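Asks: Just so it is clear, I am handing over final_15.pdb, which has PDB, C-alpha atoms, pLDDT in the B column.
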ATOM      1  CA  MET Y   1     -54.189   4.085 -34.106  1.00 75.00           C
ATOM      2  CA  ASP Y   2     -50.619   2.714 -33.818  1.00 81.00           C
ATOM      3  CA  ARG Y   3     -49.878  -0.749 -35.173  1.00 88.00           C
ATOM      4  CA  ASP Y   4     -46.127  -0.402 -35.586  1.00 87.00           C
ATOM      5  CA  ILE Y   5     -44.811  -3.656 -34.124  1.00 92.00           C
ATOM      6  CA  ARG Y   6     -43.271  -5.733 -36.878  1.00 94.00           C
ATOM      7  CA  THR Y   7     -39.737  -6.687 -35.841  1.00 95.00           C
ATOM      8  CA  MET Y   8     -37.868  -7.652 -32.676  1.00 94.00           C
ATOM      9  CA  ASP Y   9     -36.297  -4.180 -32.640  1.00 92.00           C
ATOM     10  CA  ASP Y  10     -39.811  -2.705 -32.591  1.00 93.00           C
ATOM     11  CA  VAL Y  11     -40.664  -4.873 -29.571  1.00 95.00           C
ATOM     12  CA  LEU Y  12     -37.477  -3.894 -27.744  1.00 94.00           C
ATOM     13  CA  ARG Y  13     -38.094  -0.180 -28.324  1.00 92.00           C
ATOM     14  CA  LEU Y  14     -41.676  -0.547 -27.103  1.00 94.00           C
ATOM     15  CA  LEU Y  15     -40.438  -2.195 -23.896  1.00 96.00           C
ATOM     16  CA  ASP Y  16     -37.786   0.522 -23.480  1.00 94.00           C
ATOM     17  CA  GLY Y  17     -40.624   3.048 -23.502  1.00 94.00           C
ATOM     18  CA  LEU Y  18     -42.390   1.394 -20.548  1.00 95.00           C
ATOM     19  CA  PHE Y  19     -39.773   2.810 -18.199  1.00 95.00           C
ATOM     20  CA  ALA Y  20     -39.889   6.312 -16.756  1.00 92.00           C
ATOM     21  CA  PRO Y  21     -37.324   8.617 -18.422  1.00 90.00           C
ATOM     22  CA  GLU Y  22     -35.267   8.872 -15.222  1.00 88.00           C
ATOM     23  CA  ALA Y  23     -34.870   5.075 -15.202  1.00 91.00           C
ATOM     24  CA  ASP Y  24     -33.063   5.057 -18.540  1.00 91.00           C
ATOM     25  CA  ARG Y  25     -29.387   4.359 -17.998  1.00 92.00           C
ATOM     26  CA  TRP Y  26     -28.864   1.948 -20.901  1.00 91.00           C
ATOM     27  CA  THR Y  27     -29.623   3.912 -24.121  1.00 90.00           C
ATOM     28  CA  SER Y  28     -28.038   7.049 -25.533  1.00 89.00           C
ATOM     29  CA  GLU Y  29     -30.824   9.007 -23.803  1.00 90.00           C
ATOM     30  CA  GLY Y  30     -29.262   8.005 -20.492  1.00 92.00           C
ATOM     31  CA  ALA Y  31     -25.900   9.623 -21.261  1.00 94.00           C
ATOM     32  CA  ALA Y  32     -26.763  12.819 -19.361  1.00 94.00           C
ATOM     33  CA  TRP Y  33     -27.359  10.851 -16.139  1.00 94.00           C
ATOM     34  CA  TRP Y  34     -23.944   9.218 -16.429  1.00 95.00           C
ATOM     35  CA  ASP Y  35     -22.290  12.538 -17.311  1.00 95.00           C
ATOM     36  CA  GLY Y  36     -23.585  13.900 -14.010  1.00 95.00           C
ATOM     37  CA  PHE Y  37     -22.310  10.795 -12.220  1.00 94.00           C
ATOM     38  CA  TYR Y  38     -18.801  11.225 -13.652  1.00 95.00           C
ATOM     39  CA  ALA Y  39     -18.686  15.025 -13.438  1.00 93.00           C
ATOM     40  CA  ASP Y  40     -16.673  15.165 -10.195  1.00 94.00           C
ATOM     41  CA  ARG Y  41     -13.579  13.044 -10.728  1.00 95.00           C
ATOM     42  CA  ASP Y  42     -12.557  13.446  -7.078  1.00 93.00           C
ATOM     43  CA  ARG Y  43     -15.681  11.830  -5.618  1.00 92.00           C
ATOM     44  CA  ALA Y  44     -15.052   8.849  -3.350  1.00 89.00           C
ATOM     45  CA  VAL Y  45     -16.521   6.278  -5.729  1.00 89.00           C
ATOM     46  CA  PRO Y  46     -14.658   2.942  -5.457  1.00 88.00           C
ATOM     47  CA  PHE Y  47     -14.437   2.275  -9.194  1.00 88.00           C
ATOM     48  CA  PHE Y  48     -13.225   5.790  -9.993  1.00 92.00           C
ATOM     49  CA  VAL Y  49      -9.747   4.710  -8.887  1.00 92.00           C
ATOM     50  CA  ALA Y  50      -7.323   3.741 -11.634  1.00 94.00           C
ATOM     51  CA  LYS Y  51      -7.128   0.070 -10.628  1.00 96.00           C
ATOM     52  CA  PRO Y  52      -8.012  -3.016 -12.691  1.00 98.00           C
ATOM     53  CA  ASP Y  53     -10.534  -5.566 -11.428  1.00 98.00           C
ATOM     54  CA  GLU Y  54      -8.902  -8.207  -9.226  1.00 98.00           C
ATOM     55  CA  HIS Y  55     -10.455 -11.138 -11.081  1.00 98.00           C
ATOM     56  CA  LEU Y  56      -9.337  -9.808 -14.483  1.00 98.00           C
ATOM     57  CA  VAL Y  57      -5.765  -9.671 -13.175  1.00 98.00           C
ATOM     58  CA  SER Y  58      -6.193 -13.204 -11.806  1.00 98.00           C
ATOM     59  CA  TYR Y  59      -7.457 -14.607 -15.119  1.00 98.00           C
ATOM     60  CA  LEU Y  60      -4.485 -13.090 -16.915  1.00 98.00           C
ATOM     61  CA  GLU Y  61      -1.916 -14.251 -14.364  1.00 97.00           C
ATOM     62  CA  ARG Y  62      -3.308 -17.811 -14.450  1.00 98.00           C
ATOM     63  CA  GLY Y  63      -3.242 -17.885 -18.247  1.00 97.00           C
ATOM     64  CA  LEU Y  64      -7.022 -18.329 -18.547  1.00 98.00           C
ATOM     65  CA  ILE Y  65      -7.090 -15.497 -21.079  1.00 97.00           C
ATOM     66  CA  ALA Y  66      -4.288 -14.305 -23.316  1.00 96.00           C
ATOM     67  CA  PRO Y  67      -3.600 -11.047 -25.190  1.00 97.00           C
ATOM     68  CA  GLY Y  68      -5.596 -10.479 -28.365  1.00 98.00           C
ATOM     69  CA  ARG Y  69      -8.393  -8.179 -29.462  1.00 98.00           C
ATOM     70  CA  ALA Y  70     -10.525  -6.913 -26.578  1.00 98.00           C
ATOM     71  CA  LEU Y  71     -13.748  -4.941 -26.201  1.00 98.00           C
ATOM     72  CA  ASP Y  72     -14.485  -3.171 -22.901  1.00 98.00           C
ATOM     73  CA  LEU Y  73     -18.257  -2.586 -22.554  1.00 97.00           C
ATOM     74  CA  GLY Y  74     -19.267   0.333 -20.342  1.00 96.00           C
ATOM     75  CA  CYS Y  75     -15.624   1.251 -19.876  1.00 97.00           C
ATOM     76  CA  GLY Y  76     -16.234   4.269 -17.617  1.00 96.00           C
ATOM     77  CA  PRO Y  77     -12.951   6.091 -16.924  1.00 97.00           C
ATOM     78  CA  GLY Y  78     -11.034   3.303 -18.633  1.00 97.00           C
ATOM     79  CA  ARG Y  79      -9.243   1.559 -15.769  1.00 97.00           C
ATOM     80  CA  ASN Y  80      -9.635  -1.978 -17.158  1.00 98.00           C
ATOM     81  CA  ALA Y  81      -9.182  -0.938 -20.789  1.00 98.00           C
ATOM     82  CA  LEU Y  82      -5.850   0.679 -19.928  1.00 98.00           C
ATOM     83  CA  HIS Y  83      -4.719  -2.399 -18.003  1.00 98.00           C
ATOM     84  CA  LEU Y  84      -5.490  -4.644 -20.962  1.00 98.00           C
ATOM     85  CA  ALA Y  85      -3.662  -2.292 -23.340  1.00 98.00           C
ATOM     86  CA  SER Y  86      -0.613  -2.316 -21.049  1.00 97.00           C
ATOM     87  CA  LEU Y  87      -0.452  -6.107 -21.454  1.00 97.00           C
ATOM     88  CA  GLY Y  88      -0.495  -6.048 -25.229  1.00 97.00           C
ATOM     89  CA  PHE Y  89      -4.216  -6.269 -26.010  1.00 98.00           C
ATOM     90  CA  GLU Y  90      -5.620  -4.328 -28.950  1.00 98.00           C
ATOM     91  CA  VAL Y  91      -8.477  -2.598 -27.136  1.00 98.00           C
ATOM     92  CA  ASP Y  92     -11.746  -1.010 -28.185  1.00 97.00           C
ATOM     93  CA  ALA Y  93     -13.707   0.573 -25.321  1.00 97.00           C
ATOM     94  CA  VAL Y  94     -17.237   1.976 -25.412  1.00 97.00           C
ATOM     95  CA  ASP Y  95     -19.352   3.979 -22.976  1.00 97.00           C
ATOM     96  CA  LEU Y  96     -22.585   5.998 -23.158  1.00 95.00           C
ATOM     97  CA  SER Y  97     -21.123   8.955 -21.291  1.00 96.00           C
ATOM     98  CA  PRO Y  98     -19.015  11.616 -23.047  1.00 96.00           C
ATOM     99  CA  ALA Y  99     -17.704  12.640 -19.599  1.00 97.00           C
ATOM    100  CA  ALA Y 100     -16.524   9.101 -18.872  1.00 97.00           C
ATOM    101  CA  VAL Y 101     -14.907   8.714 -22.289  1.00 97.00           C
ATOM    102  CA  ALA Y 102     -13.133  12.090 -21.958  1.00 97.00           C
ATOM    103  CA  TRP Y 103     -11.747  11.011 -18.575  1.00 97.00           C
ATOM    104  CA  ALA Y 104     -10.630   7.666 -20.005  1.00 98.00           C
ATOM    105  CA  GLU Y 105      -8.915   9.413 -22.922  1.00 98.00           C
ATOM    106  CA  ASP Y 106      -7.098  11.713 -20.479  1.00 97.00           C
ATOM    107  CA  ARG Y 107      -5.873   8.686 -18.540  1.00 97.00           C
ATOM    108  CA  ALA Y 108      -4.775   6.965 -21.735  1.00 97.00           C
ATOM    109  CA  ARG Y 109      -2.747  10.007 -22.805  1.00 97.00           C
ATOM    110  CA  GLU Y 110      -1.094  10.220 -19.387  1.00 96.00           C
ATOM    111  CA  ALA Y 111      -0.220   6.515 -19.515  1.00 95.00           C
ATOM    112  CA  GLY Y 112       0.827   6.532 -23.163  1.00 96.00           C
ATOM    113  CA  ALA Y 113      -1.708   3.757 -23.786  1.00 95.00           C
ATOM    114  CA  GLN Y 114      -3.278   2.972 -27.140  1.00 95.00           C
ATOM    115  CA  VAL Y 115      -7.033   2.418 -26.738  1.00 97.00           C
ATOM    116  CA  ALA Y 116      -9.733   3.147 -29.314  1.00 96.00           C
ATOM    117  CA  PHE Y 117     -12.544   4.785 -27.341  1.00 97.00           C
ATOM    118  CA  HIS Y 118     -16.096   4.961 -28.696  1.00 95.00           C
ATOM    119  CA  CYS Y 119     -18.872   7.087 -27.203  1.00 95.00           C
ATOM    120  CA  GLY Y 120     -22.432   5.816 -27.556  1.00 94.00           C
ATOM    121  CA  ASP Y 121     -24.847   2.947 -27.071  1.00 92.00           C
ATOM    122  CA  ALA Y 122     -23.104  -0.388 -27.668  1.00 92.00           C
ATOM    123  CA  PHE Y 123     -26.507  -1.872 -28.570  1.00 89.00           C
ATOM    124  CA  GLY Y 124     -27.280   0.915 -31.061  1.00 84.00           C
ATOM    125  CA  PRO Y 125     -25.317   2.762 -33.761  1.00 81.00           C
ATOM    126  CA  ALA Y 126     -22.112   2.814 -31.685  1.00 79.00           C
ATOM    127  CA  GLY Y 127     -22.267  -0.977 -31.524  1.00 80.00           C
ATOM    128  CA  ASP Y 128     -22.675  -1.202 -35.274  1.00 79.00           C
ATOM    129  CA  ALA Y 129     -19.323   0.571 -35.603  1.00 82.00           C
ATOM    130  CA  LEU Y 130     -17.513  -2.049 -33.503  1.00 90.00           C
ATOM    131  CA  SER Y 131     -15.557  -4.478 -35.625  1.00 87.00           C
ATOM    132  CA  GLY Y 132     -15.279  -7.996 -34.255  1.00 85.00           C
ATOM    133  CA  PRO Y 133     -14.385 -10.655 -33.714  1.00 96.00           C
ATOM    134  CA  TYR Y 134     -12.961 -10.019 -30.253  1.00 98.00           C
ATOM    135  CA  ASP Y 135     -10.978 -12.580 -28.294  1.00 98.00           C
ATOM    136  CA  LEU Y 136     -12.184 -10.953 -25.076  1.00 98.00           C
ATOM    137  CA  ILE Y 137     -15.334  -9.012 -24.246  1.00 98.00           C
ATOM    138  CA  HIS Y 138     -15.024  -7.424 -20.821  1.00 98.00           C
ATOM    139  CA  ASP Y 139     -17.956  -5.982 -18.868  1.00 98.00           C
ATOM    140  CA  SER Y 140     -17.480  -4.518 -15.404  1.00 97.00           C
ATOM    141  CA  GLY Y 141     -20.892  -3.158 -14.429  1.00 95.00           C
ATOM    142  CA  CYS Y 142     -22.805  -2.712 -17.701  1.00 97.00           C
ATOM    143  CA  PHE Y 143     -24.960  -5.852 -17.719  1.00 98.00           C
ATOM    144  CA  HIS Y 144     -26.754  -5.200 -14.415  1.00 98.00           C
ATOM    145  CA  HIS Y 145     -28.022  -1.807 -15.633  1.00 97.00           C
ATOM    146  CA  LEU Y 146     -29.920  -3.372 -18.548  1.00 97.00           C
ATOM    147  CA  PRO Y 147     -33.681  -4.010 -18.268  1.00 97.00           C
ATOM    148  CA  PRO Y 148     -34.644  -7.667 -18.666  1.00 98.00           C
ATOM    149  CA  HIS Y 149     -35.613  -7.452 -22.340  1.00 97.00           C
ATOM    150  CA  ARG Y 150     -32.248  -5.961 -23.272  1.00 97.00           C
ATOM    151  CA  ARG Y 151     -30.532  -9.219 -22.347  1.00 98.00           C
ATOM    152  CA  ILE Y 152     -31.639 -10.202 -25.846  1.00 97.00           C
ATOM    153  CA  SER Y 153     -29.575  -7.328 -27.250  1.00 96.00           C
ATOM    154  CA  TYR Y 154     -26.635  -8.261 -25.038  1.00 97.00           C
ATOM    155  CA  LEU Y 155     -26.626 -11.890 -26.174  1.00 98.00           C
ATOM    156  CA  ALA Y 156     -26.972 -10.781 -29.796  1.00 96.00           C
ATOM    157  CA  LEU Y 157     -23.912  -8.553 -29.374  1.00 96.00           C
ATOM    158  CA  LEU Y 158     -21.938 -11.492 -27.969  1.00 97.00           C
ATOM    159  CA  ASP Y 159     -23.077 -13.702 -30.812  1.00 96.00           C
ATOM    160  CA  ARG Y 160     -21.974 -11.096 -33.352  1.00 95.00           C
ATOM    161  CA  LEU Y 161     -18.691  -9.954 -31.824  1.00 97.00           C
ATOM    162  CA  LEU Y 162     -17.204 -12.693 -29.632  1.00 98.00           C
ATOM    163  CA  ALA Y 163     -14.767 -14.927 -31.487  1.00 97.00           C
ATOM    164  CA  PRO Y 164     -15.032 -18.718 -31.316  1.00 97.00           C
ATOM    165  CA  GLY Y 165     -12.776 -19.681 -28.431  1.00 97.00           C
ATOM    166  CA  GLY Y 166     -13.086 -16.149 -27.055  1.00 98.00           C
ATOM    167  CA  HIS Y 167     -14.022 -15.199 -23.498  1.00 98.00           C
ATOM    168  CA  LEU Y 168     -16.589 -13.032 -21.733  1.00 98.00           C
ATOM    169  CA  VAL Y 169     -15.421 -11.507 -18.443  1.00 98.00           C
ATOM    170  CA  LEU Y 170     -18.440 -10.266 -16.498  1.00 98.00           C
ATOM    171  CA  THR Y 171     -18.911  -8.341 -13.261  1.00 98.00           C
ATOM    172  CA  CYS Y 172     -22.444  -7.721 -11.972  1.00 98.00           C
ATOM    173  CA  PHE Y 173     -24.498  -7.163  -8.826  1.00 98.00           C
ATOM    174  CA  ALA Y 174     -24.834 -10.258  -6.639  1.00 98.00           C
ATOM    175  CA  ALA Y 175     -28.155 -11.201  -5.060  1.00 98.00           C
ATOM    176  CA  GLY Y 176     -27.829 -10.687  -1.335  1.00 97.00           C
ATOM    177  CA  GLY Y 177     -25.099  -8.094  -1.898  1.00 97.00           C
ATOM    178  CA  MET Y 178     -26.377  -5.243  -4.048  1.00 97.00           C
ATOM    179  CA  GLY Y 179     -29.068  -4.600  -6.636  1.00 98.00           C
ATOM    180  CA  SER Y 180     -32.777  -5.259  -6.847  1.00 98.00           C
ATOM    181  CA  GLU Y 181     -34.026  -8.837  -6.468  1.00 98.00           C
ATOM    182  CA  LEU Y 182     -37.529  -8.132  -7.784  1.00 98.00           C
ATOM    183  CA  PRO Y 183     -38.906 -10.551 -10.401  1.00 98.00           C
ATOM    184  CA  ASP Y 184     -38.332  -9.337 -13.960  1.00 98.00           C
ATOM    185  CA  VAL Y 185     -42.006  -8.463 -14.515  1.00 98.00           C
ATOM    186  CA  GLU Y 186     -42.057  -6.075 -11.531  1.00 98.00           C
ATOM    187  CA  PHE Y 187     -39.574  -3.708 -13.182  1.00 98.00           C
ATOM    188  CA  TYR Y 188     -42.124  -3.116 -15.951  1.00 97.00           C
ATOM    189  CA  ARG Y 189     -45.011  -2.723 -13.494  1.00 97.00           C
ATOM    190  CA  GLN Y 190     -43.048  -0.133 -11.520  1.00 97.00           C
ATOM    191  CA  SER Y 191     -41.341   1.537 -14.550  1.00 97.00           C
ATOM    192  CA  ARG Y 192     -38.073   1.516 -12.629  1.00 96.00           C
ATOM    193  CA  LEU Y 193     -34.874  -0.523 -12.379  1.00 96.00           C
ATOM    194  CA  HIS Y 194     -34.084   0.459  -8.783  1.00 96.00           C
ATOM    195  CA  GLY Y 195     -30.455   1.231  -9.588  1.00 94.00           C
ATOM    196  CA  GLY Y 196     -29.658  -2.123 -11.157  1.00 97.00           C
ATOM    197  CA  LEU Y 197     -30.590  -5.793 -11.165  1.00 98.00           C
ATOM    198  CA  ALA Y 198     -29.130  -8.411  -8.842  1.00 98.00           C
ATOM    199  CA  TYR Y 199     -28.349 -11.861 -10.212  1.00 98.00           C
ATOM    200  CA  SER Y 200     -27.925 -15.318  -8.728  1.00 98.00           C
ATOM    201  CA  PRO Y 201     -25.378 -17.842 -10.029  1.00 98.00           C
ATOM    202  CA  GLU Y 202     -28.259 -19.917 -11.402  1.00 98.00           C
ATOM    203  CA  SER Y 203     -29.694 -16.988 -13.355  1.00 98.00           C
ATOM    204  CA  LEU Y 204     -26.301 -16.124 -14.857  1.00 98.00           C
ATOM    205  CA  ARG Y 205     -25.740 -19.736 -15.883  1.00 98.00           C
ATOM    206  CA  ARG Y 206     -29.160 -19.850 -17.516  1.00 98.00           C
ATOM    207  CA  ILE Y 207     -28.728 -16.543 -19.379  1.00 98.00           C
ATOM    208  CA  PHE Y 208     -25.262 -17.475 -20.657  1.00 98.00           C
ATOM    209  CA  SER Y 209     -26.043 -21.160 -21.220  1.00 98.00           C
ATOM    210  CA  ASP Y 210     -24.678 -20.991 -24.783  1.00 97.00           C
ATOM    211  CA  LEU Y 211     -21.245 -20.294 -23.299  1.00 98.00           C
ATOM    212  CA  THR Y 212     -19.045 -22.561 -21.204  1.00 98.00           C
ATOM    213  CA  GLU Y 213     -18.515 -21.519 -17.604  1.00 98.00           C
ATOM    214  CA  VAL Y 214     -14.853 -21.338 -16.598  1.00 98.00           C
ATOM    215  CA  GLU Y 215     -15.259 -19.615 -13.234  1.00 98.00           C
ATOM    216  CA  LEU Y 216     -18.066 -17.934 -11.304  1.00 98.00           C
ATOM    217  CA  ARG Y 217     -17.496 -16.513  -7.811  1.00 98.00           C
ATOM    218  CA  ARG Y 218     -17.922 -13.475  -5.596  1.00 98.00           C
ATOM    219  CA  MET Y 219     -15.391 -10.746  -6.208  1.00 98.00           C
ATOM    220  CA  HIS Y 220     -12.703 -10.516  -3.560  1.00 98.00           C
ATOM    221  CA  ASP Y 221     -13.013  -7.539  -1.237  1.00 97.00           C
ATOM    222  CA  GLU Y 222      -9.810  -5.585  -1.849  1.00 97.00           C
ATOM    223  CA  PRO Y 223      -8.527  -3.168   0.839  1.00 95.00           C
ATOM    224  CA  PRO Y 224      -7.864   0.496  -0.079  1.00 93.00           C
ATOM    225  CA  GLU Y 225      -4.108  -0.088  -0.330  1.00 95.00           C
ATOM    226  CA  SER Y 226      -4.537  -2.924  -2.830  1.00 97.00           C
ATOM    227  CA  PRO Y 227      -3.432  -2.260  -6.426  1.00 97.00           C
ATOM    228  CA  TYR Y 228      -6.670  -3.913  -7.583  1.00 98.00           C
ATOM    229  CA  PHE Y 229     -10.379  -3.094  -7.420  1.00 97.00           C
ATOM    230  CA  GLY Y 230     -12.605  -5.561  -5.596  1.00 97.00           C
ATOM    231  CA  GLU Y 231     -16.013  -5.372  -3.880  1.00 97.00           C
ATOM    232  CA  ALA Y 232     -17.695  -8.439  -2.389  1.00 97.00           C
ATOM    233  CA  PHE Y 233     -21.204  -7.356  -3.454  1.00 97.00           C
ATOM    234  CA  LEU Y 234     -20.355  -8.301  -7.041  1.00 98.00           C
ATOM    235  CA  TRP Y 235     -20.217 -11.561  -8.987  1.00 98.00           C
ATOM    236  CA  THR Y 236     -17.258 -12.193 -11.230  1.00 98.00           C
ATOM    237  CA  ALA Y 237     -17.560 -14.663 -14.068  1.00 98.00           C
ATOM    238  CA  LEU Y 238     -15.470 -16.022 -16.908  1.00 98.00           C
ATOM    239  CA  PHE Y 239     -17.317 -17.703 -19.781  1.00 98.00           C
ATOM    240  CA  ARG Y 240     -15.859 -19.158 -22.980  1.00 98.00           C
ATOM    241  CA  ARG Y 241     -17.448 -19.394 -26.382  1.00 97.00           C
ATOM    242  CA  ASP Y 242     -16.464 -22.799 -27.637  1.00 94.00           C
ATOM    243  CA  ALA Y 243     -14.779 -23.004 -31.014  1.00 83.00           C
ATOM    244  CA  ARG Y 244     -17.078 -24.188 -33.766  1.00 70.00           C
ATOM    245  CA  ALA Y 245     -16.407 -27.599 -35.218  1.00 44.00           C
TER     246      ALA Y 245
END
In structure tokens, what does this structure look like?
Replies:
Amino acid sequence: MDRDIRTMDDVLRLLDGLFAPEADRWTSEGAAWWDGFYADRDRAVPFFVAKPDEHLVSYLERGLIAPGRALDLGCGPGRNALHLASLGFEVDAVDLSPAAVAWAEDRAREAGAQVAFHCGDAFGPAGDALSGPYDLIHDSGCFHHLPPHRRISYLALLDRLLAPGGHLVLTCFAAGGMGSELPDVEFYRQSRLHGGLAYSPESLRRIFSDLTEVELRRMHDEPPESPYFGEAFLWTALFRRDARA
């Protein structure tokens, strides 16, 4: 007889276990799936290219965010982390996949960029090693791979690491563009995440209601010759954590 539920962490781990093993792309157990995804660096995957997100460039050019300490969640091969470092940010970057981190480190060496890469689960021990506060937390594609209950972990990470006055830059699947639009409860009934969760503007505003919305729009669709990454099936959002009185 198991009666082990005592803390919120116990509840979150129990809910993690409701998903089939092949659905796990958000804990350290999912690293092998991502290693396979990143194994062929020459695959025609849009975000494999060494280009920063178009909206991140726009926020910087418009002065909506300024250089400081930055954390890149789910950094993949490091394209946004390297862009931030090139503009004077002090950057920490974290990803589950050793293959992704190795690729990002190779790119950093080639570019002569200074980025502190961390391999592991940002919501587990690897996250405990991150030292806030950060003026910017950047997430291009991590949030939509989390199961619904792990939004609690995500918000807790923001609460712990995002500086007062700091910004969250978020990119995630847009309802009607890409990602599953099933109700939250159906993911648990089916033990799957169907490749990622789609979000509406209203759902993002509700989830991040403790932050102030600066901008929320569809990502611009950038042509192949553009120096920036952009796909119209994604939302882009800039939220600010207001300074405490």
Asks: Output as a tab-separated table one row per residue of range 119-179 of chain Y within 12 Å of range 214-224 of chain Y: the closest atom pair and its distance in Å to one decimal place, counting only C-alpha atoms, sorted by chain and residue number ascending.
Replies:
residue	atom	partner	partner_atom	distance
Y:Ser140	CA	Y:Met219	CA	11.3
Y:Gly166	CA	Y:Val214	CA	11.8
Y:His167	CA	Y:Val214	CA	9.3
Y:Leu168	CA	Y:Val214	CA	9.9
Y:Val169	CA	Y:Glu215	CA	9.6
Y:Leu170	CA	Y:Leu216	CA	9.3
Y:Thr171	CA	Y:Met219	CA	8.2
Y:Cys172	CA	Y:Met219	CA	9.6
Y:Phe173	CA	Y:Arg218	CA	9.7
Y:Ala174	CA	Y:Arg218	CA	7.7
Y:Ala175	CA	Y:Arg218	CA	10.5
Y:Gly176	CA	Y:Arg218	CA	11.1
Y:Gly177	CA	Y:Arg218	CA	9.7
Y:Met178	CA	Y:Arg218	CA	11.9
Asks: To one decimal place in Å, what is the distance between CA of Asp135 in chain Y and CA of Ala163 in chain Y?
Replies: 5.5 Å
Asks: Which polymer residues, whether protein, DNA or RNA, lie within 10 Å of the coordinate (-6.7, 2.3, -30.3) when you count all atoms listed in the file? List them as a PyMOL selection string, using the chain letters and numbers from the file.
Replies: chain Y and resi 85+89-93+108+113-118
Asks: Could you write out that same residue set with C-alpha atoms as an mmCIF file, in the coordinates of the input?
Replies:
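Resulting contents of out04.cif:
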data_model
loop_
_atom_site.group_PDB
_atom_site.id
_atom_site.type_symbol
_atom_site.label_atom_id
_atom_site.label_comp_id
_atom_site.auth_asym_id
_atom_site.auth_seq_id
_atom_site.Cartn_x
_atom_site.Cartn_y
_atom_site.Cartn_z
ATOM 1 C CA ALA Y 85 -3.662 -2.292 -23.340
ATOM 2 C CA PHE Y 89 -4.216 -6.269 -26.010
ATOM 3 C CA GLU Y 90 -5.620 -4.328 -28.950
ATOM 4 C CA VAL Y 91 -8.477 -2.598 -27.136
ATOM 5 C CA ASP Y 92 -11.746 -1.010 -28.185
ATOM 6 C CA ALA Y 93 -13.707 0.573 -25.321
ATOM 7 C CA ALA Y 108 -4.775 6.965 -21.735
ATOM 8 C CA ALA Y 113 -1.708 3.757 -23.786
ATOM 9 C CA GLN Y 114 -3.278 2.972 -27.140
ATOM 10 C CA VAL Y 115 -7.033 2.418 -26.738
ATOM 11 C CA ALA Y 116 -9.733 3.147 -29.314
ATOM 12 C CA PHE Y 117 -12.544 4.785 -27.341
ATOM 13 C CA HIS Y 118 -16.096 4.961 -28.696
#
Asks: Counting only C-alpha atoms, which of Y:Glu22, Y:Glu105, Y:Glu231, Y:Glu29 gets nearest to Glu54 in chain Y?
Replies: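 For Glu54 in chain Y, the nearest of the given residues is Y:Glu231.
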Asks: Under the rule that all atoms listed in the file are counted, which of Y:Leu87, Y:Leu193, Y:Leu82, Y:Leu238 is the nearest residue to Leu18 in chain Y?
Replies: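 For Leu18 in chain Y, the nearest of the candidates is Y:Leu193.
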Asks: Would you please work out which residue, of Y:Ala23, Y:Ala39, Y:Leu136, Y:Ala99, is nearest to Gly196 in chain Y when using only C-alpha atoms?
Replies: Y:Ala23
Asks: Any chance you could work out the residue set of the PyMOL selection byres ((chain Y and resi 204) around 10) here, as a PyMOL selection string?
Replies: chain Y and resi 170+172+199-203+205-209+213+216+235+237
Asks: Can you measure CA of His138 in chain Y to CA of Asp72 in chain Y for me? One decimal in Å is fine.
Replies: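 Separation of CA of His138 in chain Y and CA of Asp72 in chain Y: 4.8 Å.
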